[in-house]
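With compact mmCIF, C-alpha atoms inside, this is model10.txt:
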# COMPACT_ATOMS: atom_id res chain seq x y z
CA MET A 1 126.42 32.42 61.42
CA ALA A 2 129.29 30.59 63.07
CA GLY A 3 129.69 31.54 66.71
CA TRP A 4 126.14 32.79 67.20
CA THR A 5 124.38 31.57 70.34
CA ASP A 6 121.11 33.45 69.82
CA TRP A 7 118.80 32.51 66.95
CA LYS A 8 117.73 36.13 66.43
CA ASP A 9 121.31 37.21 65.78
CA ALA A 10 121.83 34.24 63.49
CA HIS A 11 118.58 35.02 61.65
CA GLY A 12 119.58 38.65 61.16
CA ASP A 13 123.00 37.68 59.85
CA PHE A 14 121.58 35.07 57.49
CA THR A 15 118.71 37.18 56.11
CA TRP A 16 121.01 40.15 55.46
CA THR A 17 123.25 37.97 53.29
CA PHE A 18 120.32 36.07 51.78
CA ASP A 19 118.37 39.17 50.71
CA ARG A 20 121.38 40.71 49.01
CA ARG A 21 122.09 37.52 47.12
CA LEU A 22 118.44 37.32 46.06
CA GLN A 23 118.46 40.93 44.92
CA ALA A 24 121.59 40.20 42.88
CA ALA A 25 119.74 37.36 41.16
CA PHE A 26 116.93 39.77 40.24
CA SER A 27 119.41 42.43 39.11
CA ARG A 28 120.82 40.07 36.50
CA LEU A 29 117.41 40.01 34.83
CA GLU A 30 117.24 43.77 34.30
CA PRO A 31 117.14 44.92 31.56
CA ALA A 32 118.58 41.96 29.68
CA TRP A 33 115.33 39.99 29.66
CA LEU A 34 113.87 42.26 26.99
CA SER A 35 116.85 41.99 24.62
CA SER A 36 116.08 40.58 21.19
CA PHE A 37 117.36 37.19 20.08
CA ASP A 38 117.68 38.65 16.58
CA GLU A 39 120.87 40.63 15.98
CA VAL A 40 119.30 43.00 13.44
CA THR A 41 116.28 43.79 15.61
CA GLY A 42 118.53 44.18 18.62
CA GLU A 43 120.62 46.84 16.87
CA ARG A 44 117.49 48.92 16.21
CA ILE A 45 116.49 49.07 19.89
CA SER A 46 118.65 51.10 22.24
CA GLU A 47 119.47 50.09 25.79
CA GLU A 48 117.52 53.12 27.02
CA GLU A 49 114.41 51.94 25.13
CA ILE A 50 114.81 48.50 26.69
CA ARG A 51 115.03 50.02 30.18
CA LEU A 52 111.98 52.20 29.54
CA MET A 53 109.93 49.24 28.31
CA GLY A 54 111.06 47.22 31.33
CA ARG A 55 109.77 49.91 33.68
CA GLN A 56 106.46 50.05 31.81
CA LEU A 57 105.94 46.29 31.95
CA GLU A 58 106.78 46.28 35.70
CA MET A 59 107.88 42.66 35.73
CA GLY A 60 111.08 43.34 37.66
CA GLU A 61 109.19 45.44 40.18
CA ALA A 62 106.55 42.72 40.54
CA TYR A 63 109.21 40.03 41.09
CA THR A 64 110.68 42.07 43.94
CA TYR A 65 107.26 42.97 45.35
CA ALA A 66 106.29 39.29 45.56
CA SER A 67 109.58 38.09 47.00
CA PHE A 68 110.48 40.54 49.77
CA GLY A 69 108.76 41.16 53.10
CA GLY A 70 108.68 37.59 54.39
CA LYS A 71 110.48 36.18 57.43
CA ARG A 72 112.62 33.73 55.38
CA VAL A 73 111.50 30.87 57.63
CA ARG A 74 112.19 28.07 55.14
CA PRO A 75 115.62 29.18 53.91
CA PHE A 76 116.67 29.86 57.51
CA LEU A 77 115.53 26.36 58.49
CA MET A 78 117.70 25.02 55.69
CA ALA A 79 120.71 26.94 57.00
CA LEU A 80 120.05 25.80 60.57
CA ALA A 81 119.72 22.18 59.41
CA TYR A 82 123.13 22.50 57.76
CA GLY A 83 124.44 23.82 61.08
CA LEU A 84 123.08 20.82 63.01
CA LEU A 85 126.21 18.93 61.99
CA GLY A 86 128.52 21.71 63.12
CA ALA A 87 129.18 23.35 59.75
CA ASP A 88 128.82 27.07 58.90
CA PRO A 89 126.19 27.62 56.15
CA MET A 90 127.48 31.12 55.41
CA ASP A 91 130.58 29.56 53.84
CA ARG A 92 128.57 27.58 51.28
CA PRO A 93 127.45 29.47 48.14
CA ALA A 94 125.51 26.39 46.97
CA LEU A 95 123.48 26.35 50.18
CA LEU A 96 122.61 30.03 49.85
CA ASP A 97 121.61 29.58 46.21
CA LEU A 98 119.44 26.54 46.91
CA ALA A 99 117.90 28.43 49.84
CA ILE A 100 117.00 31.15 47.32
CA SER A 101 115.49 28.51 45.02
CA LEU A 102 113.40 27.25 47.93
CA GLU A 103 112.18 30.74 48.84
CA LEU A 104 111.35 31.57 45.21
CA ILE A 105 109.12 28.50 45.12
CA HIS A 106 107.43 29.60 48.33
CA SER A 107 106.95 33.12 46.92
CA TYR A 108 105.48 31.93 43.63
CA SER A 109 103.10 29.63 45.51
CA LEU A 110 101.78 32.59 47.53
CA VAL A 111 101.25 34.68 44.39
CA HIS A 112 99.24 31.91 42.77
CA ASP A 113 97.44 30.92 45.99
CA ASP A 114 96.16 34.50 46.36
CA LEU A 115 94.70 34.61 42.83
CA PRO A 116 90.91 35.02 42.36
CA ALA A 117 90.69 31.46 41.01
CA MET A 118 92.30 30.14 44.21
CA ASP A 119 91.83 31.89 47.59
CA ASN A 120 91.09 35.35 46.15
CA ASP A 121 93.00 37.10 48.94
CA GLN A 122 93.38 40.87 48.88
CA LEU A 123 96.18 41.23 51.42
CA ARG A 124 99.48 39.44 51.92
CA ARG A 125 102.04 40.46 54.58
CA GLY A 126 100.06 43.60 55.30
CA GLN A 127 100.00 44.90 51.73
CA ALA A 128 97.95 44.36 48.58
CA THR A 129 98.45 40.93 47.02
CA CYS A 130 100.37 40.72 43.77
CA HIS A 131 97.28 40.42 41.56
CA VAL A 132 95.64 43.40 43.28
CA ARG A 133 98.78 45.53 42.84
CA PHE A 134 99.80 44.46 39.32
CA GLY A 135 96.73 42.76 37.84
CA GLU A 136 95.76 39.11 37.64
CA ASP A 137 97.42 38.55 34.26
CA ARG A 138 100.77 39.89 35.40
CA ALA A 139 100.57 38.04 38.72
CA ILE A 140 100.18 34.73 36.90
CA LEU A 141 103.31 35.50 34.89
CA VAL A 142 105.17 36.56 38.05
CA GLY A 143 104.40 33.23 39.68
CA ASP A 144 105.48 31.36 36.56
CA GLY A 145 108.65 33.42 36.35
CA LEU A 146 109.64 32.96 40.00
CA LEU A 147 109.30 29.19 39.64
CA ASN A 148 111.43 29.27 36.51
CA LEU A 149 114.02 31.50 38.19
CA SER A 150 114.16 29.03 41.07
CA MET A 151 115.37 26.35 38.68
CA GLU A 152 117.82 28.74 36.97
CA VAL A 153 119.42 29.62 40.33
CA ALA A 154 119.59 25.95 41.36
CA LEU A 155 121.18 24.90 38.08
CA GLU A 156 123.75 27.68 38.35
CA ALA A 157 124.58 26.41 41.84
CA LEU A 158 125.06 22.91 40.43
CA LEU A 159 127.27 24.10 37.57
CA GLU A 160 129.44 26.21 39.88
CA ALA A 161 129.75 23.64 42.68
CA PRO A 162 133.12 21.90 43.10
CA HIS A 163 133.19 18.42 41.57
CA GLU A 164 133.09 16.70 44.96
CA GLU A 165 129.90 18.60 45.95
CA LYS A 166 127.88 18.15 42.75
CA GLU A 167 126.18 14.93 43.88
CA ARG A 168 124.99 16.58 47.09
CA VAL A 169 123.64 19.60 45.20
CA THR A 170 121.87 17.31 42.72
CA ARG A 171 120.26 15.28 45.51
CA ALA A 172 119.17 18.46 47.31
CA MET A 173 117.59 19.74 44.08
CA GLU A 174 115.70 16.46 43.66
CA VAL A 175 114.28 16.79 47.18
CA LEU A 176 113.25 20.41 46.59
CA TYR A 177 111.46 19.90 43.28
CA ARG A 178 109.78 16.66 44.35
CA LEU A 179 108.40 18.08 47.60
CA SER A 180 107.33 21.34 45.96
CA GLY A 181 105.48 19.58 43.14
CA LEU A 182 102.49 17.26 42.98
CA HIS A 183 104.00 14.93 45.60
CA GLY A 184 104.11 17.86 48.02
CA MET A 185 103.06 21.51 47.94
CA VAL A 186 101.16 21.52 44.64
CA GLY A 187 99.36 18.35 45.68
CA GLY A 188 98.29 20.06 48.89
CA GLN A 189 96.98 23.04 46.94
CA ALA A 190 95.01 20.69 44.70
CA LEU A 191 93.38 19.12 47.76
CA ASP A 192 92.60 22.59 49.13
CA LEU A 193 90.51 23.20 46.01
CA ARG A 194 88.26 20.26 46.91
CA PRO A 195 86.34 21.21 50.07
CA ASP A 196 84.14 18.15 49.59
CA LEU A 197 87.15 15.83 49.98
CA ILE A 198 88.79 17.59 52.89
CA GLN A 199 85.67 17.36 55.02
CA ASP A 200 87.23 14.00 55.91
CA PRO A 201 89.71 14.70 58.78
CA ASP A 202 92.30 12.35 57.27
CA TRP A 203 92.29 14.20 53.94
CA ALA A 204 92.37 17.53 55.76
CA ARG A 205 95.57 16.47 57.52
CA ILE A 206 97.10 15.19 54.29
CA MET A 207 96.35 18.58 52.74
CA VAL A 208 98.35 20.28 55.53
CA GLU A 209 101.15 17.72 55.24
CA LYS A 210 101.60 18.54 51.57
CA LYS A 211 100.71 22.22 51.41
CA THR A 212 102.69 23.33 54.48
CA CYS A 213 104.88 20.53 55.86
CA ALA A 214 106.45 19.54 52.54
CA LEU A 215 108.59 22.68 52.18
CA PHE A 216 109.63 22.47 55.85
CA MET A 217 110.68 18.88 55.23
CA ALA A 218 112.55 19.86 52.06
CA ALA A 219 114.40 22.69 53.82
CA CYS A 220 115.59 20.48 56.67
CA LYS A 221 116.57 17.50 54.56
CA MET A 222 118.37 19.66 52.00
CA GLY A 223 120.47 21.25 54.73
CA ILE A 224 121.59 17.86 56.01
CA ILE A 225 122.31 16.57 52.50
CA LEU A 226 124.51 19.57 51.72
CA ALA A 227 126.32 19.17 55.04
CA GLY A 228 127.18 15.57 54.18
CA GLY A 229 124.92 13.87 56.71
CA ASP A 230 124.13 10.19 56.54
CA SER A 231 120.75 8.66 55.66
CA ARG A 232 119.62 8.43 59.29
CA GLU A 233 120.38 12.10 59.84
CA GLU A 234 118.52 12.96 56.66
CA ASP A 235 115.49 10.99 57.82
CA ARG A 236 115.53 12.61 61.26
CA ALA A 237 115.80 16.08 59.78
CA GLU A 238 112.94 15.39 57.36
CA ALA A 239 110.76 14.06 60.19
CA PHE A 240 111.64 17.13 62.25
CA GLY A 241 110.50 19.33 59.35
CA TYR A 242 107.23 17.41 59.14
CA HIS A 243 106.33 17.84 62.81
CA LEU A 244 107.49 21.46 62.93
CA GLY A 245 105.53 22.27 59.78
CA MET A 246 102.42 20.69 61.27
CA ALA A 247 102.85 22.67 64.51
CA TYR A 248 103.46 25.86 62.52
CA GLN A 249 100.21 25.40 60.58
CA MET A 250 98.31 24.59 63.76
CA LYS A 251 99.55 27.84 65.28
CA ASP A 252 98.30 29.71 62.20
CA ASP A 253 94.93 27.97 62.58
CA VAL A 254 94.72 29.12 66.21
CA PHE A 255 95.35 32.73 65.14
CA ASP A 256 93.02 32.62 62.13
CA GLN A 257 90.15 30.57 63.56
CA ALA A 258 87.54 33.35 63.44
CA GLU A 259 88.54 34.54 59.97
CA ASP A 260 88.70 31.00 58.60
CA ARG A 261 85.25 30.24 59.95
CA ALA A 262 83.84 33.43 58.40
CA ASN A 263 85.36 32.47 55.05
CA GLN A 264 84.25 28.83 55.40
CA LYS A 265 87.86 27.73 55.07
CA ARG A 266 88.52 24.15 56.14
CA THR A 267 91.25 23.78 58.79
CA LEU A 268 92.34 21.30 61.44
CA ALA A 269 90.50 23.42 64.02
CA ASP A 270 87.21 22.17 62.54
CA ASP A 271 88.02 18.64 63.69
CA LEU A 272 89.94 19.27 66.90
CA GLY A 273 88.36 22.40 68.32
CA LEU A 274 90.51 25.15 69.81
CA GLU A 275 91.49 23.20 72.94
CA GLY A 276 92.25 20.04 70.97
CA LEU A 277 94.22 22.04 68.40
CA GLU A 278 96.43 23.60 71.07
CA LEU A 279 97.04 20.17 72.61
CA ALA A 280 97.94 18.71 69.20
CA LEU A 281 100.25 21.68 68.57
CA LYS A 282 102.10 20.91 71.80
CA GLU A 283 102.41 17.23 70.87
CA GLU A 284 103.76 18.02 67.38
CA THR A 285 106.26 20.46 68.88
CA GLU A 286 107.51 17.88 71.38
CA LYS A 287 107.93 15.30 68.62
CA ALA A 288 109.90 17.78 66.53
CA LEU A 289 112.23 18.81 69.35
CA ALA A 290 112.89 15.20 70.37
CA LEU A 291 114.26 14.53 66.87
CA LEU A 292 117.01 17.11 67.40
CA GLU A 293 118.56 15.43 70.41
CA ASP A 294 121.17 13.34 68.59
CA PHE A 295 122.54 16.12 66.38
CA ASP A 296 125.88 17.78 67.17
CA ARG A 297 124.61 21.35 67.58
CA PRO A 298 120.83 21.50 67.99
CA GLY A 299 120.67 24.71 70.05
CA LEU A 300 119.85 27.31 67.40
CA MET A 301 117.37 25.07 65.62
CA ARG A 302 115.66 24.16 68.88
CA ASP A 303 115.32 27.79 69.92
CA PHE A 304 114.06 28.89 66.50
CA ALA A 305 111.52 26.05 66.40
CA ARG A 306 110.17 27.09 69.78
CA ALA A 307 109.95 30.70 68.66
CA LEU A 308 107.92 29.68 65.60
CA VAL A 309 105.33 27.74 67.56
CA GLU A 310 105.19 30.16 70.48
CA ARG A 311 104.88 33.31 68.34
CA LYS A 312 102.17 35.79 69.29
CA LYS A 313 101.11 36.37 65.67

Spell out the structure here as structure tokens.
Amino acid sequence: MAGWTDWKDAHGDFTWTFDRRLQAAFSRLEPAWLSSFDEVTGERISEEEIRLMGRQLEMGEAYTYASFGGKRVRPFLMALAYGLLGADPMDRPALLDLAISLELIHSYSLVHDDLPAMDNDQLRRGQATCHVRFGEDRAILVGDGLLNLSMEVALEALLEAPHEEKERVTRAMEVLYRLSGLHGMVGGQALDLRPDLIQDPDWARIMVEKKTCALFMAACKMGIILAGGDSREEDRAEAFGYHLGMAYQMKDDVFDQAEDRANQKRTLADDLGLEGLELALKEETEKALALLEDFDRPGLMRDFARALVERKK
């Protein structure tokens, strides 16, 4: 990514590398995940039988189905946050691996959020949702497995990191798993299941803060931590992630207003109205961009942030 002046070129370079590293992580699972722990049993089952059973169970296919097709917004934000201090994220295996851990959490959350017991969505990224394609039972296991794989990848990054980087990797992991759990994303999903509570505008905003903003905050703070930033830079990056995440969700609410109303889905548009929502989106965007001013190289992040909130769909 070093030397890029256009965020689209940087995004293309990053996602090409990211997707291949993610696919490599999935490839390590096949077909070894079906191997027996028992030596005697293992000798009775051939590698070809293991491969055949793996294809029949479709877990590897479902993992890939649920994890590819997205824009990689959160991992790219993490890479751009690392670059705010002038460093090249493409030279850091630990950053790429933790970016994968972050995206796996995002992917599992979408699989579970789409389930009949949650939002009961039929489409995701223009194709059938995981539970529609593979069945509800398998989709639950896919979500569980992606979350577990996220931790496996992060722990491997920690074990392989040079001694002088291990503390940074550990701190970044703490941020990721705190903000993706009950204190963050999972907490927001829990609030989303209580329409009676989120009729209150304050609770509705807290739901968005946790369900959407938390992973934006994690991505930005993790990037700064791994780049060796100080506590003030970490705080600014986290605040930037908060305001950008809020603006990003507001933009989604503008696009989805008619559909959300038809589905009786509670959003910030219910409190602000369309005009008020667009004004709030502008204010959140301005707050986010102002937080970039004191960083060494804010250009790519600033341009990407604008592209996110000015997108046409």

Point-to-point distance from atom CA of Arg74 of chain A to atom CA of Cys213 of chain A, Å rounded to tenths: 10.5 Å

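Within 9 Å of segment 5-16 of chain A there are Met1, Ala2, Gly3, Phe18, Asp19, Arg20, Arg21, Lys71, Arg72, Pro75, Phe76, Ala79, Pro89, Met90, Gly299, Leu300, Met301, Asp303 and Phe304 of chain A, counting only C-alpha atoms and ignoring same-chain residues fewer than 2 positions away.
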
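Neighbouring residues of Leu193 of chain A at 10 Å or closer, counting only C-alpha atoms and skipping chain neighbours under 6 positions away, are Ala117, Met118 and Asp119 of chain A.
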
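Using all atoms listed in the file, the smallest distance between any of A:Tyr242, A:Asp88, A:Arg28, A:Arg124 and Gly69 of chain A comes from A:Arg124.
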
Box dimensions and centre (Å, one decimal) enclosing segment 7-16 of chain A, axis-aligned, 6 Å extra per side, as JSON:
{"center_x": 120.4, "center_y": 36.3, "center_z": 61.2, "size_x": 17.3, "size_y": 19.6, "size_z": 23.5}

Best match for closeness to Gly135 of chain A among A:Met59, A:Val153, A:Met250, A:Leu52, counting all atoms listed in the file: A:Met59

Atom-to-atom span, atom CA of Asp235 of chain A and atom CA of Arg311 of chain A, Å: 26.9 Å

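Using all atoms listed in the file for every distance, the candidate list A:Leu274, A:Ala305, A:Ala94, A:Leu123 yields A:Ala305 as the residue closest to Gly245 of chain A.
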
Test item: residues at most 9 Å from segment 161-172 of chain A, all atoms listed in the file, excluding those fewer than 2 positions along its chain, as a ChimeraX atom specification: /A:93-95,98,154-159,174-177,218,221-223,225-228

Would you save the residues from that selection as a short mmCIF file (atom, residue, chain, number, x, y, z; two decimals), keeping the file's coordinate frame, using C-alpha atoms?
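Okay, this is what ended up in again.cif:
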data_model
loop_
_atom_site.label_atom_id
_atom_site.label_comp_id
_atom_site.auth_asym_id
_atom_site.auth_seq_id
_atom_site.Cartn_x
_atom_site.Cartn_y
_atom_site.Cartn_z
CA PRO A 93 127.45 29.47 48.14
CA ALA A 94 125.51 26.39 46.97
CA LEU A 95 123.48 26.35 50.18
CA LEU A 98 119.44 26.54 46.91
CA ALA A 154 119.59 25.95 41.36
CA LEU A 155 121.18 24.90 38.08
CA GLU A 156 123.75 27.68 38.35
CA ALA A 157 124.58 26.41 41.84
CA LEU A 158 125.06 22.91 40.43
CA LEU A 159 127.27 24.10 37.57
CA GLU A 174 115.70 16.46 43.66
CA VAL A 175 114.28 16.79 47.18
CA LEU A 176 113.25 20.41 46.59
CA TYR A 177 111.46 19.90 43.28
CA ALA A 218 112.55 19.86 52.06
CA LYS A 221 116.57 17.50 54.56
CA MET A 222 118.37 19.66 52.00
CA GLY A 223 120.47 21.25 54.73
CA ILE A 225 122.31 16.57 52.50
CA LEU A 226 124.51 19.57 51.72
CA ALA A 227 126.32 19.17 55.04
CA GLY A 228 127.18 15.57 54.18
#

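Comparing the minimum interatomic distances between Ala128 of chain A and each of A:Ala66, A:Gln264, A:Met151, A:Arg44, counting only C-alpha atoms, we find that A:Ala66 sits nearest.
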